[in-house]
Every structure is written in C-alpha cells, then in structure tokens.
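As structure tokens, the structure follows; a few thoughts come after it.
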Amino acid sequence: MSTTTTLYLNGKIANLFEQSGITNQQRKEAFAAFQKIGLPANKSEEYRFTPITRVLEKNFDFNSIGNSSSINSIEPFFIPNVDANLIVFINGIFSSTFSKIISKELEIKSLQSAIDSGEAIPYFQKYLLNSADAFTALNSTLWSDGIFIHVPTKTKVEKPVFILHVNEAGQNQSISHTRLLAVLEEESELTLIEKSVSNGTNNIFHTFAEEIVVKENASFDYIKIQNDEGKLHQVANTLIHQSNRSKLNTFTLTLNGSLIRNNFNIAIDGEHCESHFYGLYLLNGNTLADNHTVVDHIKPNSHSNELYKGVMDGNSKGVFNGKIYVRPQAQKTNAFQSNRNILLTDSSSINTKPQLEIWADDVKCSHGCTSGQLDEEAMFYLRSRGIPQQQAKAMLLYAFALETLEPIKNTELKKHLESLISQRLNQLQ
C-alpha cells in the first residue's frame with residue numbers, strides 16, 4: 001500500500017474513531033482486518049485479471065479529498081414510468097432533498113440511527129465478513145453514510161425501492177463509501193433497484209457494501225444497473241442471506257464505467273429455497289467489468305440457477321469467476337451455472353472460470369462456459385434477406401442478451417432495460 005493511501009486511511013480513521021457507539025469498535029476491527037489483508041497485490045488470485053490497486057494508485061490523489069456537489073436535478077437519471085420509493089446518495093451521502101418515500105408500510109431510515117437504536121445490531125456486519133475481501137473491510141472502516149430498509153412480516157411492498165448513487169466529479173475527484181442493510185421479515189416481498197450514475201469528468205472511486213436478509217417465505221427481487229459514462233471505479237460487495245422457502249431473483253446489467261468489480265455472494269441457509277441469478281455485461285471502449293459470484297448451498301432441498309452473458313467490443317475486458325459450494329448437509333441440491341460470451345474484436349478479451357465444490361453425494365449440479373464470435377451462418381442468413389450488416393449483428397446480439405431479462409417482473413422497468421440494451425448493441429462495431 002502506498003504512502004498516500006496510508007495517509008488517507010489514517011486521516012479518515014482518526015476522525016471516525018472519535019465517534020461513540022457501536023460503529024467505533026467495529027470500525028477498529030474492520031481496519032485491523034483491512035491491514036491484515038491489504039489491497040490486492042499483482043499476484044492475488046481473486047483479483048488476478050483486475051489490477052485494481054495499480055489503477056487506484058495511478059488515478060487518485062488520496063491526499064486531496066473533496067466531494068463537493070453542484071447537483072440541482074436528478075430527473076435525467078430516473079427510470080421512465082417506474083413509480084418507486086426513491087433513495088438518493090450524492091457522493092456517498094444520503095440526500096433528503098432528492099429522496100422520497102411513498103410506501104407507508106416500509107420502514108427506511110439512516111443506518112447509523114438504526115444501529116444507535118439497536119434495531120440493526122442483530123444483522124449489521126453479521127453476514128458480510130470483513131475477512132472475505134479487502135474492500136469489504138475498507139468499506140466497513142470508512143463508510144460515511146448508509147440506509148436501513150425493513151419490511152415487516154407479511155408485507156408486500158407494491159412499489160419498488162430505487163436507490164440512486166450519484167457521483168459528482170465536476171470540480172475534482174470523488175471518493176465515497178456507502179452501506180446498505182435490508183431485512184425482509186417472514187412472508188414479505190420487496191423489489192430493489194440500484195443504479196450508479198455520474199456527473200463530471202474527474203475520476204470516481206466508490207465502494208458500497210450490502211447485507212440483505214431474506215427470511216422464511218419472503219420474496220426478493222434485486223436489479224442492479226451500472227451505466228455510468230464517467231470515470232467510475234467501483235467495487236460492490238453484496239451478500240444475500242436466504243432462509244427456508246424464500247425466493248430470490250437478481251439481475252445485474254453492466255454497460256459503462258472504467259473499472260467495475262461486483263462481488264456477489266448468496267448464502268442459501270434454508271430448505272426449499274429458489275434462487276435465480278442473471279447478469280449481462282455489454283462492454284466497449286476500455287471498460288473492465290469483473291463479476292465474482294459465490295452461491296453457497298448450506299441446507300438441503302434447494303434450487304439455484306445462474307446465467308451470466310457478456311459481449312465485449314473495442315478494447316474492453318470481461319471477467320467472470322463463479323463458484324458454487326454444496327455443503328455436506330446440503331443433500332438434494334439442484335445447482336446450475338452458465339457463462340456465455342461473445343467477442344466482437346481481436347483486442348477485446350474475456351477470462352472466465354466457473355467452479356463447483358461439492359461435498360454432498362445426492363445432488364444435481366452442472367456448470368459451463370463458452371466464448372466465441374457471432375454465428376456466421378446466422379449472420380449470412382439475415383444478410384441474404386436484405387438486412388444491413390450492422391442491423392443483423394444487433395439483432396443476433398439482442399437475441400443472445402434477451403434471456404437474461406427473464407427475472408424482471410416490472411413491465412416498465414423491463415422496457416427500460418430492453419431500450420438500454422438495444423441502444424448499446426446498435427452502437428457496437
């Protein structure tokens with residue numbers, strides 16, 4: 001770790017440790033974990049294809065931190081025709097000015113106040129462990145603001161919760177760390193949409209850590225949209241914990257950003273759970289998107305299905321590392337994982353590594369990956385029917401991508417995602 005990074009951390013931590021309350025001790029423990037792990041070195045297996053430490057040292061001045069904001073409107077970042085509870089963070093700080101909660105049955109408050117009242121203590125930092133990743137420990141040490149979402153028992157929240165991360169980098173670089181804790185009680189339902197956007201041309205470094213607890217018979221839909229056209233360097237650590245008979249659908253769409261790292265962890269700690277994970281990364285330019293997923297089957301009689309697809313154009317680089325664990329007691333597990341990729345240029349690349357670790361003998365598990373180019377026969381067929389080459393290519397790629405939208409239930413949200421995908425595919429070379 002460089003001297004400038006160390007000075008930044010020490011300065012920030014000295015101020016944070018003056019706070020009272022539970023976070024004081026937890027920040028100290030998180031910092032100790034971070035010091036033990038350290039930022040990923042060049043030979044770090046988990047960050048082998050994503051040189052994030054070198055990128056951070058090259059692009060950020062950790063002696064100069066100034067997260068000023070001149071945002072006057074966030075309407076350009078809205079999702080058309082999607083009526084939702086709105087939670088806005090600007091440079092990692094919750095904005096009461098732009099946020100709006102419309103579902104009265106939903107409890108949303110600052111994470112710090114939920115910790116102070118004791119409401120969040122049974123869950124906070126209990127699932128997403130600091131020892132698992134350096135950036136989890138870093139976030140646990142430095143998080144400046146966060147939100148606590150609580151869905152009461154047998155409550156179906158009709159309108160989704162839309163969390164908008166706005167990174168303001170018009171005047172200088174932006175460095176921020178945010179946190180989310182969500183608890184869905186028994187037989188509750190919630191849809192959460194998360195989106196990252198930026199304003200300005202300076203570099204942005206953003207970490208956020210999420211702990212989501214889905215209790216018995218609860219249902220949770222999670223959609224993440226990464227379409228930040230600025231110089232975003234983002235590390236997201238998410239852990240979703242499932243209990244008996246819970247249902248989970250997730251979708252991650254990555255379109256833009258300088259360096260995007262998603263650490264997505266699912267703990268299936270209950271019987272008869274159903275879990276579906278979909279991801280789509282459509283990359284161009286010099287974007288690097290790295291998806292690391294872990295699906296941990298802890299209890300028996302559950303089903304998981306994972307499908308991630310990628311299209312790489314220009315000098316972009318995709319990374320997929322998916323792990324499925326089946327514990328000795330997790331008999332009768334059905335777990336499937338697939339990663340499929342298309343490379344459009346010789347200068348683009350994909351590194352993919354699907355993995356299975358199975359300690360039970362009565363299971364059905366499979367994984368696989370493919371990487372290649374567009375089907376020449378299909379392209380020839382479309383061209384022979386008078387369809388221009390660019391349009392034919394977009395049509396084939398759209399058909400390739402469409403399968404990943406399966407978990408999206410909200411009609412207007414699905415239309416918006418289809419539009420984003422279509423726009424991107426028509427821009428590819």
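Simple scheme: letters A, B, ... for chains in structure tokens order, numbers from 1 for residues in each chain, numbers from 1 for ligands in the order shown.
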
Using only C-alpha atoms, what table do you get, as a Markdown table, when you list each residue of stretch 83-196 of chain A with an atom no more than 7 Å from stretch 229-248 of chain A, its nearest pair of atoms, and their distance in Å rounded to one decimal, rows by chain then rising number?
| residue | atom | partner | partner_atom | distance |
| --- | --- | --- | --- | --- |
| A:Tyr127 | CA | A:Leu239 | CA | 6.8 |
| A:Leu128 | CA | A:Leu239 | CA | 5.8 |
| A:Thr136 | CA | A:Asn237 | CA | 6.4 |

Problem set entry | Those of stretch 100-237 of chain A in DSSP strand (DSSP E), formatted as JSON, numbers by chain | {"A": [107, 108, 109, 110, 145, 146, 147, 148, 149, 150, 151, 161, 162, 163, 164, 165, 166, 167, 168, 169, 174, 175, 176, 177, 178, 179, 180, 181, 182, 183, 184, 189, 190, 191, 192, 193, 194, 195, 196, 197, 198, 199, 200, 203, 204, 205, 206, 207, 208, 209, 210, 211, 212, 213, 214, 219, 220, 221, 222, 223, 224, 225, 226, 227, 231, 232, 233, 234, 235, 236, 237]}

Problem set entry | Shell around A:Arg54 at 9 Å using only C-alpha atoms, local window under 4 positions removed, as JSON, numbers by chain | {"A": [41, 42, 58, 59]}

For N, CA and C atoms, I'd like the residues from the last selection saved as an mmCIF file, in the first residue's frame.
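Wrote it out as part.cif, contents follow:
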data_model
loop_
_atom_site.group_PDB
_atom_site.id
_atom_site.type_symbol
_atom_site.label_atom_id
_atom_site.label_comp_id
_atom_site.auth_asym_id
_atom_site.auth_seq_id
_atom_site.Cartn_x
_atom_site.Cartn_y
_atom_site.Cartn_z
ATOM 1 N N ALA A 41 -2.599 -7.538 -4.274
ATOM 2 C CA ALA A 41 -1.310 -7.443 -4.958
ATOM 3 C C ALA A 41 -1.440 -7.998 -6.371
ATOM 4 N N ASN A 42 -0.382 -7.848 -7.153
ATOM 5 C CA ASN A 42 -0.416 -8.285 -8.548
ATOM 6 C C ASN A 42 -0.692 -9.774 -8.688
ATOM 7 N N LYS A 58 -2.699 4.945 -9.591
ATOM 8 C CA LYS A 58 -2.390 5.737 -10.771
ATOM 9 C C LYS A 58 -3.359 6.896 -10.951
ATOM 10 N N ASN A 59 -4.629 6.703 -10.602
ATOM 11 C CA ASN A 59 -5.663 7.663 -10.968
ATOM 12 C C ASN A 59 -6.169 8.539 -9.833
#

Problem set entry | Residue nearest A:Ile204 - candidates A:Gly170, A:Gly322, A:Gly372, A:Pro407, atoms counted: only C-alpha atoms |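 Closest to A:Ile204, using only C-alpha atoms: A:Gly170.
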
Seminar exercise, completed: Among A:Thr404, A:Asn291, A:Asn265, A:Asn85, A:Leu129 is approached most closely, using only C-alpha atoms, by A:Asn265

Exercise. So which residues touch A:Val88 within 10 Å, counting only C-alpha atoms, skipping near sequence neighbours fewer than 4 positions away, as a PyMOL selection string?
Worked result: chain A and resi 74+92-100+162-166+195

Using the selection just defined, write its residues with C-alpha atoms as a short mmCIF file (atom, residue, chain, number, x, y, z; two decimals), in the first residue's frame.
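result_38.cif, freshly written:
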data_model
loop_
_atom_site.label_atom_id
_atom_site.label_comp_id
_atom_site.auth_asym_id
_atom_site.auth_seq_id
_atom_site.Cartn_x
_atom_site.Cartn_y
_atom_site.Cartn_z
CA ILE A 74 -31.67 14.15 -10.71
CA GLY A 92 -21.89 8.65 -0.72
CA ILE A 93 -24.08 10.94 1.42
CA PHE A 94 -27.84 10.44 1.74
CA SER A 95 -29.81 13.30 0.21
CA SER A 96 -33.08 14.07 1.97
CA THR A 97 -33.72 16.77 -0.65
CA PHE A 98 -33.99 14.34 -3.55
CA SER A 99 -35.16 11.20 -1.73
CA LYS A 100 -38.86 10.40 -1.49
CA PHE A 162 -34.97 2.71 -6.19
CA ILE A 163 -31.51 3.51 -4.80
CA LEU A 164 -29.67 6.05 -6.95
CA HIS A 165 -25.94 6.59 -6.42
CA VAL A 166 -24.95 9.93 -7.98
CA LYS A 195 -28.33 2.43 -10.24
#

Problem set entry | Nearest candidate to A:Ser188 (options A:Asn63, A:Leu106, A:Ala134, A:Thr250; using only C-alpha atoms) |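 Looking only at the distances to A:Ser188, the closest residue turns out to be A:Leu106.
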
Do you have, as a Markdown table, the list of residues of stretch 102-197 of chain A lying at most 12 Å from stretch 413-426 of chain A, each with its nearest atom pair and that distance in Å to one decimal, counting only C-alpha atoms and ordered by chain then number?
| residue | atom | partner | partner_atom | distance |
| --- | --- | --- | --- | --- |
| A:Lys159 | CA | A:Leu413 | CA | 11.9 |
| A:Pro160 | CA | A:Leu413 | CA | 10.3 |
| A:Phe162 | CA | A:Leu413 | CA | 11.1 |
| A:Thr191 | CA | A:Leu413 | CA | 11.2 |
| A:Leu192 | CA | A:Leu413 | CA | 11.6 |
| A:Ile193 | CA | A:Leu413 | CA | 9.4 |
| A:Glu194 | CA | A:Leu413 | CA | 11.9 |
| A:Lys195 | CA | A:Leu417 | CA | 11.9 |

Problem set entry | Selected residue, from A:Ala33, A:Ser176, A:Tyr381, A:Leu181, that lies nearest to A:Ile121 when counting only C-alpha atoms |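 Nearest to A:Ile121: A:Leu181.
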
Problem set entry | Residue nearest A:Cys273 - candidates A:Arg261, A:Lys215, A:Lys224, A:Arg383, atoms counted: only C-alpha atoms |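 Checking each candidate against A:Cys273, we get A:Lys215 as the closest.
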
Sorted per-residue table, stretch 13-107 of chain A near stretch 348-368 of chain A, closest atoms and distance, 12 Å, only C-alpha atoms, as CSV:
residue,atom,partner,partner_atom,distance
A:Glu45,CA,A:Lys353,CA,11.8
A:Glu46,CA,A:Lys353,CA,11.1
A:Tyr47,CA,A:Asn351,CA,11.6
A:Arg48,CA,A:Asn351,CA,9.9
A:Phe49,CA,A:Asn351,CA,7.5
A:Thr50,CA,A:Asn351,CA,10.3

Exercise. Counting only C-alpha atoms, what is within 8 Å of stretch 299-312 of chain A, bar same-chain residues fewer than 4 positions away, as a PyMOL selection string?
Worked result: chain A and resi 268-284+316-318+327+329-345+348-350+401+404

Exercise. Could you work out how far atom CA of A:Met395 lies from atom CA of A:Met379, giving the answer in Å with one decimal?
Worked result: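 Answer for the atom CA of A:Met379 to atom CA of A:Met395 separation: 9.4 Å.
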
Exercise. What's the 12 Å shell around A:Ser44, counting only C-alpha atoms, without same-chain residues fewer than 6 positions away, as a list in words?
Worked result: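 The neighbour list is Ile37, Gly38, Thr50, Pro51, Ile52, Thr53, Asp133 and Ala134 of chain A.
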
Using the selection just defined, write its residues with C-alpha atoms as a short mmCIF file (atom, residue, chain, number, x, y, z; two decimals), in the first residue's frame.
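The new file part04.cif reads:
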data_model
loop_
_atom_site.label_atom_id
_atom_site.label_comp_id
_atom_site.auth_asym_id
_atom_site.auth_seq_id
_atom_site.Cartn_x
_atom_site.Cartn_y
_atom_site.Cartn_z
CA ILE A 37 -5.48 -8.42 4.12
CA GLY A 38 -4.06 -5.36 2.36
CA THR A 50 -8.32 -6.91 -12.37
CA PRO A 51 -5.29 -4.80 -11.35
CA ILE A 52 -7.37 -2.54 -9.13
CA THR A 53 -4.59 -1.49 -6.74
CA ASP A 133 -12.38 -9.10 0.91
CA ALA A 134 -10.13 -6.06 1.37
#

Exercise. What separation in Å, quoted to one decimal, exists between atom CA of A:Ile149 and atom CA of A:Gln26?
Worked result: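 Calculated distance between atom CA of A:Ile149 and atom CA of A:Gln26 is 20.6 Å.
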
Problem set entry | Residue neighbourhood A:Leu138, 12 Å, only C-alpha atoms, exclusion window fewer than 4 positions, as a PyMOL selection string | chain A and resi 5-6+8-10+12-13+26-39+129-134+142-144+176-179+206-209+235-237

For this session: Pull the alpha helix (DSSP H) assignments for stretch 114-173 of chain A out of DSSP run on the backbone, and list those residues as a PyMOL selection string.
Result: chain A and resi 114-117+134-142

Exercise. At what distance in Å, to one decimal, does atom CA of A:Val214 lie from atom CA of A:Lys126?
Worked result: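 About the pair atom CA of A:Lys126 and atom CA of A:Val214: they are 13.8 Å apart.
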
For this session: Go through A:Val55, A:Val161, A:Ala218, A:Leu402 one by one, measure the shortest atom-to-atom distance of each to A:Glu189 using only C-alpha atoms, and give the residue with the smallest value.
Result: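 Once distances to A:Glu189 are computed over only C-alpha atoms, the minimum belongs to A:Ala218.
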